[in-house]
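This is work23.txt. It holds compact mmCIF, C-alpha atoms.
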# COMPACT_ATOMS: atom_id res chain seq x y z
CA MET A 46 -307.59 17.75 -23.44
CA ALA A 47 -309.28 16.74 -26.67
CA THR A 48 -307.26 14.95 -29.32
CA GLN A 49 -307.64 16.35 -32.83
CA PRO A 50 -308.21 13.82 -35.62
CA GLY A 51 -305.29 13.17 -37.94
CA GLN A 52 -304.78 12.23 -41.58
CA ALA A 53 -306.83 9.05 -41.25
CA PHE A 54 -309.88 11.19 -40.42
CA GLU A 55 -309.26 13.33 -43.50
CA ASP A 56 -308.91 10.33 -45.85
CA LEU A 57 -311.96 8.34 -44.74
CA PRO A 58 -314.17 7.61 -47.78
CA TYR A 59 -317.41 8.56 -45.98
CA PRO A 60 -318.40 12.03 -44.65
CA LEU A 61 -317.44 12.60 -41.01
CA LEU A 62 -317.89 15.68 -38.81
CA LEU A 63 -316.27 16.60 -35.52
CA LEU A 64 -318.27 18.69 -33.04
CA GLY A 65 -317.17 20.30 -29.79
CA GLU A 66 -318.85 19.89 -26.41
CA ASP A 67 -321.10 22.87 -27.21
CA PHE A 68 -322.09 21.23 -30.55
CA ALA A 69 -320.07 23.77 -32.54
CA LEU A 70 -318.78 22.32 -35.81
CA LEU A 71 -314.99 22.02 -35.50
CA GLN A 72 -313.89 20.01 -38.51
CA LEU A 73 -315.11 18.17 -41.62
CA ASN A 74 -313.16 15.55 -43.53
CA ARG A 75 -312.71 15.68 -47.30
CA ALA A 76 -315.78 13.56 -48.07
CA ALA A 77 -317.97 15.78 -45.86
CA ARG A 78 -316.67 18.94 -47.51
CA GLU A 79 -317.49 17.53 -50.94
CA MET A 80 -321.00 16.49 -49.90
CA LEU A 81 -321.77 19.60 -47.82
CA PRO A 82 -319.58 22.50 -49.00
CA ALA A 83 -321.99 25.01 -47.46
CA LEU A 84 -321.23 23.75 -43.94
CA GLU A 85 -317.70 25.15 -43.98
CA GLY A 86 -317.50 28.48 -42.23
CA GLN A 87 -320.80 27.94 -40.39
CA PRO A 88 -319.77 26.44 -37.05
CA THR A 89 -323.14 26.98 -35.35
CA VAL A 90 -325.43 25.32 -37.92
CA ILE A 91 -325.58 21.92 -36.16
CA ARG A 92 -326.11 23.60 -32.80
CA GLU A 93 -329.06 25.52 -34.28
CA LEU A 94 -330.50 22.33 -35.74
CA LEU A 95 -330.38 20.66 -32.32
CA GLY A 96 -331.79 23.76 -30.64
CA ALA A 97 -334.88 23.59 -32.84
CA GLN A 98 -335.67 20.09 -31.56
CA PRO A 99 -335.72 20.13 -27.75
CA GLY A 100 -334.42 17.01 -26.07
CA LEU A 101 -331.87 15.96 -28.69
CA ALA A 102 -328.94 17.69 -27.01
CA GLY A 103 -329.88 16.02 -23.72
CA LEU A 104 -329.80 12.59 -25.35
CA LEU A 105 -326.33 13.24 -26.72
CA ARG A 106 -325.02 14.49 -23.38
CA SER A 107 -326.38 11.36 -21.72
CA GLY A 108 -324.21 9.23 -24.00
CA LYS A 109 -326.81 8.22 -26.58
CA GLY A 110 -326.66 8.63 -30.34
CA ILE A 111 -329.31 10.43 -32.40
CA SER A 112 -330.31 10.60 -36.06
CA VAL A 113 -332.15 13.60 -37.56
CA PRO A 114 -332.92 14.99 -41.03
CA LEU A 115 -330.35 17.56 -42.12
CA LEU A 116 -332.59 20.47 -43.12
CA ALA A 117 -330.49 23.53 -42.47
CA GLY A 118 -332.52 26.10 -44.40
CA GLY A 119 -331.43 25.21 -47.92
CA MET A 120 -328.04 23.87 -46.80
CA VAL A 121 -328.58 20.69 -48.80
CA GLU A 122 -329.99 19.99 -52.27
CA ARG A 123 -331.33 16.51 -51.51
CA PRO A 124 -332.69 14.79 -48.41
CA LEU A 125 -329.86 13.84 -46.03
CA ARG A 126 -329.79 12.34 -42.55
CA LEU A 127 -327.32 13.41 -39.86
CA SER A 128 -326.29 10.92 -37.17
CA LEU A 129 -324.46 12.15 -34.07
CA PHE A 130 -322.84 10.17 -31.26
CA PRO A 131 -320.39 10.94 -28.42
CA ARG A 132 -316.65 10.51 -28.92
CA SER A 133 -315.31 7.56 -26.99
CA GLY A 134 -313.04 8.78 -24.18
CA GLU A 135 -312.88 12.30 -25.61
CA PRO A 136 -315.07 15.40 -25.21
CA GLY A 137 -317.23 16.30 -28.17
CA TYR A 138 -319.17 14.34 -30.76
CA TRP A 139 -318.79 12.60 -34.11
CA GLY A 140 -321.26 13.11 -36.93
CA THR A 141 -321.93 11.17 -40.12
CA VAL A 142 -324.17 12.06 -43.06
CA ALA A 143 -326.04 9.71 -45.40
CA SER A 144 -328.63 10.15 -48.14
CA GLU A 145 -332.29 9.65 -47.31
CA GLN A 146 -333.27 6.80 -49.61
CA THR A 147 -336.90 6.36 -48.64
CA GLU A 148 -338.48 9.80 -49.18
CA ASN A 149 -339.10 9.49 -52.93
CA VAL A 150 -340.67 6.07 -52.42
CA LEU A 151 -342.83 6.87 -49.43
CA ALA A 152 -344.22 10.27 -50.39
CA PRO A 153 -345.98 9.32 -53.67
CA ASN A 154 -347.45 6.16 -52.16
CA LEU A 155 -348.58 7.97 -49.01
CA THR A 156 -350.26 10.80 -50.92
CA ALA A 157 -351.92 8.36 -53.33
CA HIS A 158 -353.48 6.49 -50.41
CA LEU A 159 -354.60 9.70 -48.71
CA ARG A 160 -356.22 11.26 -51.76
CA GLU A 161 -358.90 8.56 -52.07
CA PRO A 162 -360.47 8.99 -48.60
CA ILE A 163 -360.22 12.78 -48.89
CA ALA A 164 -362.07 12.63 -52.23
CA GLU A 165 -364.74 10.42 -50.65
CA ILE A 166 -365.25 12.90 -47.80
CA PHE A 167 -365.60 15.75 -50.30
CA ALA A 168 -368.22 13.70 -52.15
CA LEU A 169 -370.18 13.15 -48.94
CA LEU A 170 -370.29 16.82 -47.93
CA PRO A 171 -373.27 17.70 -50.18
CA LEU A 172 -375.20 14.79 -48.66
CA LEU A 173 -374.38 16.04 -45.16
CA ALA A 174 -375.47 19.56 -46.14
CA LYS A 175 -378.92 18.24 -47.02
CA GLN A 176 -379.28 16.83 -43.50
CA ILE A 177 -379.05 20.29 -41.93
CA GLU A 178 -382.46 21.55 -40.94
CA PRO A 179 -383.45 25.18 -41.61
CA GLY A 180 -382.17 27.34 -38.78
CA GLN A 181 -379.45 24.88 -37.74
CA ASP A 182 -375.90 26.18 -37.44
CA PRO A 183 -373.79 24.79 -40.35
CA LYS A 184 -370.55 25.53 -38.46
CA VAL A 185 -369.51 21.87 -38.10
CA LEU A 186 -370.01 21.23 -41.82
CA LEU A 187 -367.97 24.32 -42.73
CA GLN A 188 -365.17 23.22 -40.39
CA LEU A 189 -365.14 19.77 -41.97
CA ASN A 190 -364.97 21.35 -45.42
CA ARG A 191 -362.00 23.52 -44.38
CA HIS A 192 -360.18 20.56 -42.83
CA CYS A 193 -360.62 18.63 -46.07
CA TYR A 194 -359.03 21.48 -48.01
CA GLN A 195 -356.15 21.61 -45.54
CA LEU A 196 -355.54 17.87 -45.92
CA LEU A 197 -355.71 18.10 -49.70
CA ARG A 198 -353.28 21.03 -49.65
CA ASP A 199 -350.72 19.16 -47.55
CA THR A 200 -350.94 15.92 -49.53
CA SER A 201 -350.64 17.86 -52.80
CA LEU A 202 -347.57 19.72 -51.57
CA LEU A 203 -345.96 16.48 -50.38
CA SER A 204 -346.61 14.84 -53.75
CA GLN A 205 -345.27 17.82 -55.70
CA LEU A 206 -342.16 18.00 -53.51
CA SER A 207 -341.46 14.34 -54.18
CA ARG A 208 -341.80 14.84 -57.92
CA LEU A 209 -339.53 17.89 -57.90
CA ARG A 210 -336.83 16.05 -55.98
CA SER A 211 -337.19 12.95 -58.16
CA SER A 212 -336.78 14.91 -61.41
CA LEU A 213 -340.23 13.73 -62.48
CA GLN A 214 -341.76 17.17 -62.96
CA ASP A 215 -342.27 18.20 -66.59
CA ASN A 216 -341.32 21.87 -66.99
CA ARG A 217 -341.58 22.19 -70.78
CA GLN A 218 -344.63 24.46 -70.59
CA LEU A 219 -344.00 28.17 -71.07
CA CYS A 220 -345.97 30.36 -68.67
CA ASP A 221 -346.37 34.12 -68.40
CA LEU A 222 -345.46 34.82 -64.77
CA ALA A 223 -346.79 38.39 -64.97
CA ALA A 224 -350.29 37.36 -66.09
CA LEU A 225 -350.33 34.49 -63.60
CA THR A 226 -349.34 36.76 -60.70
CA ASP A 227 -352.03 39.24 -61.68
CA SER A 228 -354.66 36.47 -61.75
CA VAL A 229 -353.56 34.91 -58.46
CA CYS A 230 -353.46 38.22 -56.58
CA HIS A 231 -356.89 39.29 -57.81
CA ALA A 232 -358.36 35.89 -56.92
CA ALA A 233 -356.78 36.00 -53.47
CA GLN A 234 -358.11 39.48 -52.75
CA GLU A 235 -361.57 38.41 -53.87
CA LEU A 236 -361.57 35.32 -51.63
CA LEU A 237 -359.97 36.54 -48.39
CA LEU A 238 -362.22 36.47 -45.35
CA PRO A 239 -363.25 39.79 -43.72
CA GLY A 240 -360.51 41.13 -41.48
CA GLN A 241 -357.64 39.61 -43.48
CA PRO A 242 -354.90 41.99 -44.68
CA PRO A 243 -355.39 43.38 -48.19
CA VAL A 244 -353.12 42.10 -50.96
CA GLN A 245 -351.63 44.99 -52.94
CA TRP A 246 -350.21 44.10 -56.36
CA ASN A 247 -348.20 46.35 -58.65
CA GLY A 248 -349.60 44.84 -61.85
CA ALA A 249 -347.73 46.23 -64.85
CA ALA A 250 -349.65 46.49 -68.12
CA HIS A 251 -348.21 44.79 -71.22
CA LEU A 252 -345.47 43.06 -69.22
CA GLU A 253 -344.63 39.49 -70.29
CA LEU A 254 -342.31 37.33 -68.20
CA PRO A 255 -342.00 33.85 -69.77
CA VAL A 256 -340.94 31.14 -67.30
CA ARG A 257 -340.61 27.49 -68.30
CA CYS A 258 -342.89 25.90 -65.72
CA SER A 259 -346.51 24.82 -65.40
CA GLY A 260 -348.91 27.52 -64.31
CA ASP A 261 -350.28 25.37 -61.47
CA LEU A 262 -346.83 24.99 -59.92
CA LEU A 263 -346.14 28.73 -60.12
CA ALA A 264 -349.61 29.48 -58.70
CA THR A 265 -348.94 27.06 -55.84
CA MET A 266 -345.62 28.81 -55.14
CA LEU A 267 -347.22 32.26 -55.01
CA GLY A 268 -350.16 30.93 -52.99
CA ALA A 269 -347.77 29.44 -50.45
CA LEU A 270 -345.95 32.77 -50.11
CA LEU A 271 -349.26 34.62 -49.63
CA SER A 272 -350.42 32.06 -47.07
CA ASN A 273 -347.19 32.49 -45.13
CA ALA A 274 -347.55 36.29 -45.20
CA LEU A 275 -351.16 36.05 -44.00
CA ARG A 276 -350.10 33.79 -41.14
CA PHE A 277 -347.66 36.41 -39.88
CA THR A 278 -349.81 39.51 -40.41
CA ARG A 279 -352.50 41.09 -38.23
CA ASP A 280 -354.00 44.41 -37.24
CA GLY A 281 -354.86 45.72 -40.69
CA ASN A 282 -351.35 45.56 -42.11
CA ARG A 283 -351.10 45.01 -45.85
CA ILE A 284 -349.30 42.43 -47.98
CA GLU A 285 -347.42 43.78 -51.00
CA VAL A 286 -346.63 41.71 -54.09
CA THR A 287 -344.23 43.13 -56.68
CA LEU A 288 -342.83 41.68 -59.88
CA THR A 289 -339.78 43.15 -61.59
CA ALA A 290 -338.22 42.30 -64.95
CA LEU A 291 -334.43 42.11 -64.79
CA SER A 292 -332.09 41.46 -67.74
CA ASP A 293 -332.65 37.71 -67.85
CA ARG A 294 -334.66 37.02 -64.69
CA ALA A 295 -337.97 37.79 -63.04
CA LEU A 296 -337.92 38.93 -59.42
CA LEU A 297 -341.07 38.20 -57.43
CA ARG A 298 -341.30 39.76 -53.98
CA VAL A 299 -343.90 39.25 -51.27
CA ARG A 300 -343.64 41.63 -48.31
CA ASP A 301 -345.70 41.65 -45.14
CA HIS A 302 -345.72 44.16 -42.28
CA GLY A 303 -346.62 41.67 -39.59
CA THR A 304 -344.81 40.18 -36.65
CA GLY A 305 -341.71 39.13 -38.55
CA ILE A 306 -339.81 35.91 -37.87
CA ARG A 307 -338.06 35.30 -34.58
CA PRO A 308 -334.25 35.14 -35.07
CA GLU A 309 -333.95 31.63 -33.64
CA VAL A 310 -336.63 30.39 -36.07
CA LEU A 311 -335.32 32.05 -39.25
CA PRO A 312 -332.63 29.44 -40.11
CA HIS A 313 -335.22 26.65 -40.18
CA ILE A 314 -338.17 28.08 -42.09
CA PHE A 315 -337.48 26.16 -45.32
CA ALA A 316 -337.15 22.82 -43.56
CA PRO A 317 -339.90 20.27 -44.35
CA PHE A 318 -342.52 19.96 -41.61
CA PHE A 319 -340.99 22.81 -39.61
CA SER A 320 -343.60 25.28 -38.40
CA ALA A 321 -343.67 27.91 -35.70
CA ASP A 322 -346.55 29.79 -34.14
CA PRO A 323 -345.85 33.40 -35.21
CA TYR A 324 -347.69 34.94 -32.27
CA GLU A 325 -347.15 32.14 -29.72
CA ASP A 326 -350.85 32.21 -28.91
CA ARG A 327 -351.96 29.40 -31.24
CA ALA A 328 -353.98 31.67 -33.50
CA PRO A 329 -353.73 31.36 -36.39
CA SER A 330 -352.37 27.86 -35.97
CA PRO A 331 -349.16 26.94 -37.79
CA GLY A 332 -349.44 24.97 -41.02
CA ALA A 333 -347.86 21.63 -41.82
CA GLY A 334 -344.54 23.25 -42.68
CA LEU A 335 -344.46 22.35 -46.40
CA GLY A 336 -345.31 25.62 -48.18
CA LEU A 337 -341.93 27.35 -47.94
CA THR A 338 -340.16 24.02 -48.56
CA PHE A 339 -342.07 23.78 -51.83
CA VAL A 340 -341.19 27.39 -52.76
CA GLN A 341 -337.49 26.70 -52.27
CA ALA A 342 -337.62 23.35 -54.08
CA LEU A 343 -339.43 24.76 -57.12
CA ALA A 344 -337.17 27.81 -57.37
CA GLY A 345 -334.10 25.58 -57.20
CA ARG A 346 -335.49 23.17 -59.80
CA LEU A 347 -336.09 26.06 -62.20
CA GLY A 348 -332.57 27.41 -61.71
CA GLY A 349 -333.71 30.24 -59.45
CA THR A 350 -333.26 31.28 -55.85
CA VAL A 351 -335.37 32.27 -52.87
CA SER A 352 -334.24 34.55 -50.06
CA VAL A 353 -335.82 36.11 -46.99
CA GLU A 354 -335.22 39.25 -44.98
CA SER A 355 -337.06 39.60 -41.69
CA VAL A 356 -337.00 41.94 -38.72
CA PHE A 357 -338.88 40.60 -35.73
CA GLY A 358 -341.70 42.98 -34.92
CA GLU A 359 -341.62 44.70 -38.31
CA GLY A 360 -342.27 42.11 -41.04
CA SER A 361 -340.65 39.93 -43.68
CA LEU A 362 -339.72 40.08 -47.35
CA PHE A 363 -339.50 36.92 -49.47
CA ALA A 364 -337.82 37.29 -52.87
CA VAL A 365 -337.91 34.63 -55.59
CA SER A 366 -335.67 35.04 -58.61
CA LEU A 367 -336.50 32.88 -61.65
CA PRO A 368 -334.74 32.69 -65.02
CA LEU A 369 -336.69 33.94 -68.01
CA ALA A 370 -337.08 31.51 -70.89
CA ALA A 371 -336.83 32.15 -74.62
CA PRO A 372 -339.56 30.56 -76.78
CA MET A 373 -338.39 27.53 -78.75
CA GLY A 374 -340.01 26.02 -81.86
CA ASN A 375 -343.78 26.02 -81.53
CA ASP A 376 -343.80 27.21 -77.92
CA LEU A 377 -347.01 28.91 -76.88
CA LEU A 378 -346.75 31.49 -74.11
CA ARG A 379 -349.73 30.74 -71.93
CA SER A 380 -351.34 33.87 -70.52
CA SER A 381 -352.19 32.05 -67.27
CA SER A 382 -355.20 34.30 -66.84
CA THR A 383 -357.22 31.34 -65.59
CA ASP A 384 -360.17 32.24 -63.40
CA TYR A 385 -359.14 30.45 -60.23
CA LEU A 386 -362.51 31.27 -58.69
CA LEU A 387 -364.24 28.75 -60.97
CA ASN A 388 -362.01 25.79 -60.04
CA ARG A 389 -362.92 24.65 -56.52
CA TYR A 390 -359.67 22.67 -56.26
CA SER A 391 -357.38 25.35 -57.70
CA PRO A 392 -354.03 26.17 -56.02
CA ILE A 393 -355.60 29.35 -54.61
CA PHE A 394 -358.31 27.56 -52.65
CA LEU A 395 -355.80 24.95 -51.45
CA GLN A 396 -353.01 27.30 -50.41
CA LEU A 397 -355.29 29.90 -48.82
CA ALA A 398 -357.64 27.39 -47.18
CA ASP A 399 -356.94 28.86 -43.72
CA PHE A 400 -357.78 32.42 -44.74
CA CYS A 401 -360.31 32.48 -47.58
CA ARG A 402 -363.95 31.82 -48.37
CA LEU A 403 -364.14 28.23 -49.58
CA PRO A 404 -366.67 26.87 -52.07
CA ASP A 405 -370.00 25.93 -50.56
CA PRO A 406 -369.75 22.30 -49.34
CA GLY A 407 -373.36 21.77 -50.32
Show me, as structure tokens, the structure contained in the file I just sent.
Amino acid sequence: MATQPGQAFEDLPYPLLLLGEDFALLQLNRAAREMLPALEGQPTVIRELLGAQPGLAGLLRSGKGISVPLLAGGMVERPLRLSLFPRSGEPGYWGTVASEQTENVLAPNLTAHLREPIAEIFALLPLLAKQIEPGQDPKVLLQLNRHCYQLLRDTSLLSQLSRLRSSLQDNRQLCDLAALTDSVCHAAQELLLPGQPPVQWNGAAHLELPVRCSGDLLATMLGALLSNALRFTRDGNRIEVTLTALSDRALLRVRDHGTGIRPEVLPHIFAPFFSADPYEDRAPSPGAGLGLTFVQALAGRLGGTVSVESVFGEGSLFAVSLPLAAPMGNDLLRSSSTDYLLNRYSPIFLQLADFCRLPDPG
């Protein structure tokens, strides 16, 4: 019979978790409750985390310890690492939680090193295009161009995530979310490849929704939501984008009528580097798993929220609520009506690289 921890467990100065043999969360000490208040009342969250990474449960049952990022779908505000190990002489497992100290150091340096070779490849593409003889199939060149955009997208998202989590992002700019959404949706519809679902947008005339954030970050957020919807949608279904003005907030919703998200996948969709094949047939291939992480991180940084409703087989609805900002001093409300089609490295080309017509590599 298992022995329950006593007062010493409760008073330990570091966070400690007690799990049952089935990996259900049984108890947290005071330090763990203070660090992870959202874990209380969710006994299956650790079990779901282990279930998403096959092999980890087997290692624990064999008597070995494991260490994994704690990424329970928005459960934590900063990067944390969960370590689990078997209880000595008792059934069940202990868990400890510590802050991830290396992410904010590694991500900017990694992305800085990656950007240079990607830029050099982009610069070489026009030279390669000139080597193609008339009548030759340019398919390989086009694939290389698309792969470059995918790499640039992922490195950009990783860099932006690091800045958001390091409090380095400057959000003093005032942006009109309504005009930006209108511009992004029209650009996306113009660029989507034949056969992709149409993007329907309920653009409201004369609506201004000031949000204190750079237009590029908001465009990246919306682009990531559209990319996710496109990944889960087939067979002529549409994607609907709506924007509603509430009393002091803007509510942006992106709905698709595609396959929906499998129930066992739903708790993990905001986790960094987590991706799942929506159709389990490898087409379209999953992304790097950073888009929705960025959406959640940006919404949280701006004092907003992101939520998802999904029915497997019917579709999904993502809703982002952002606080509206009042102009201060000499604030200029930027219309954000930028023509994203003219900027070959705009957030639209980057976020929709898997689904849109890209600029000619030549």
For CA of Val286 (chain A) and CA of Val244 (chain A), determine how far apart the two atoms are, in Å to one decimal place.
7.2 Å
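Rounded to one decimal, CA of Asn190 (chain A) and CA of Gly281 (chain A) lie 26.8 Å from each other.
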Using all atoms listed in the file, give me every residue within 6 Å of (-344.3, 42.1, -57.2) in file coordinates, as a PyMOL selection string.
chain A and resi 247+286-288+297-298
The residue from A:Pro368, A:Gly180, A:Gly137, A:Gly240 with the smallest atom-to-atom distance to Leu222 (chain A), counting all atoms listed in the file, is A:Pro368
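CA of Phe339 (chain A) sits 8.8 Å away from CA of Leu209 (chain A).
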Minimum-distance residue to Leu186 (chain A), chosen among A:Val113, A:Leu172, A:Leu236, A:Leu362 (using only C-alpha atoms)
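Looking at the shortest contact to Leu186 (chain A), the residue is A:Leu172.
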Polymer residues at most 12 Å from Asp199 (chain A), all atoms listed in the file, same-chain spacing of 2 or more positions, as an MDAnalysis selection string
chainID A and resid 152 155:156 159:160 163 192:197 201:206 265 269 317:318 332:336 338:339 392 395:398
The centre and edge lengths of an axis-aligned box containing all atoms of region 165-178 of chain A present in the file, extended by 8 Å on each side, are to be given in Å to one decimal, as lines of an AutoDock Vina configuration file.
center_x = -373.6
center_y = 16.0
center_z = -46.5
size_x = 33.7
size_y = 27.1
size_z = 27.2
Find the spatial neighbours of Arg389 (chain A), counting only C-alpha atoms, within a cut-off of 8 Å - ignore same-chain residues fewer than 5 positions away - and output them as an mmCIF file with C-alpha atoms, keeping the file's coordinate frame.
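Result written to part25.cif:
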data_model
loop_
_atom_site.group_PDB
_atom_site.id
_atom_site.type_symbol
_atom_site.label_atom_id
_atom_site.label_comp_id
_atom_site.auth_asym_id
_atom_site.auth_seq_id
_atom_site.Cartn_x
_atom_site.Cartn_y
_atom_site.Cartn_z
ATOM 1 C CA PHE A 394 -358.310 27.560 -52.650
ATOM 2 C CA LEU A 403 -364.140 28.230 -49.580
ATOM 3 C CA PRO A 404 -366.670 26.870 -52.070
#
Within 6 Å of region 55-59 of chain A, counting all atoms listed in the file, which residues qualify if same-chain residues fewer than 3 places away don't, as an NGL selection string?
:A and (52 or 74-76)
Out of A:Val185, A:Leu104, A:Val299, A:Ala143, which residue has the shortest atom-to-atom distance to Ala77 (chain A) when counting all atoms listed in the file?
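When distances to Ala77 (chain A) are compared using all atoms listed in the file, the smallest one comes from A:Ala143.
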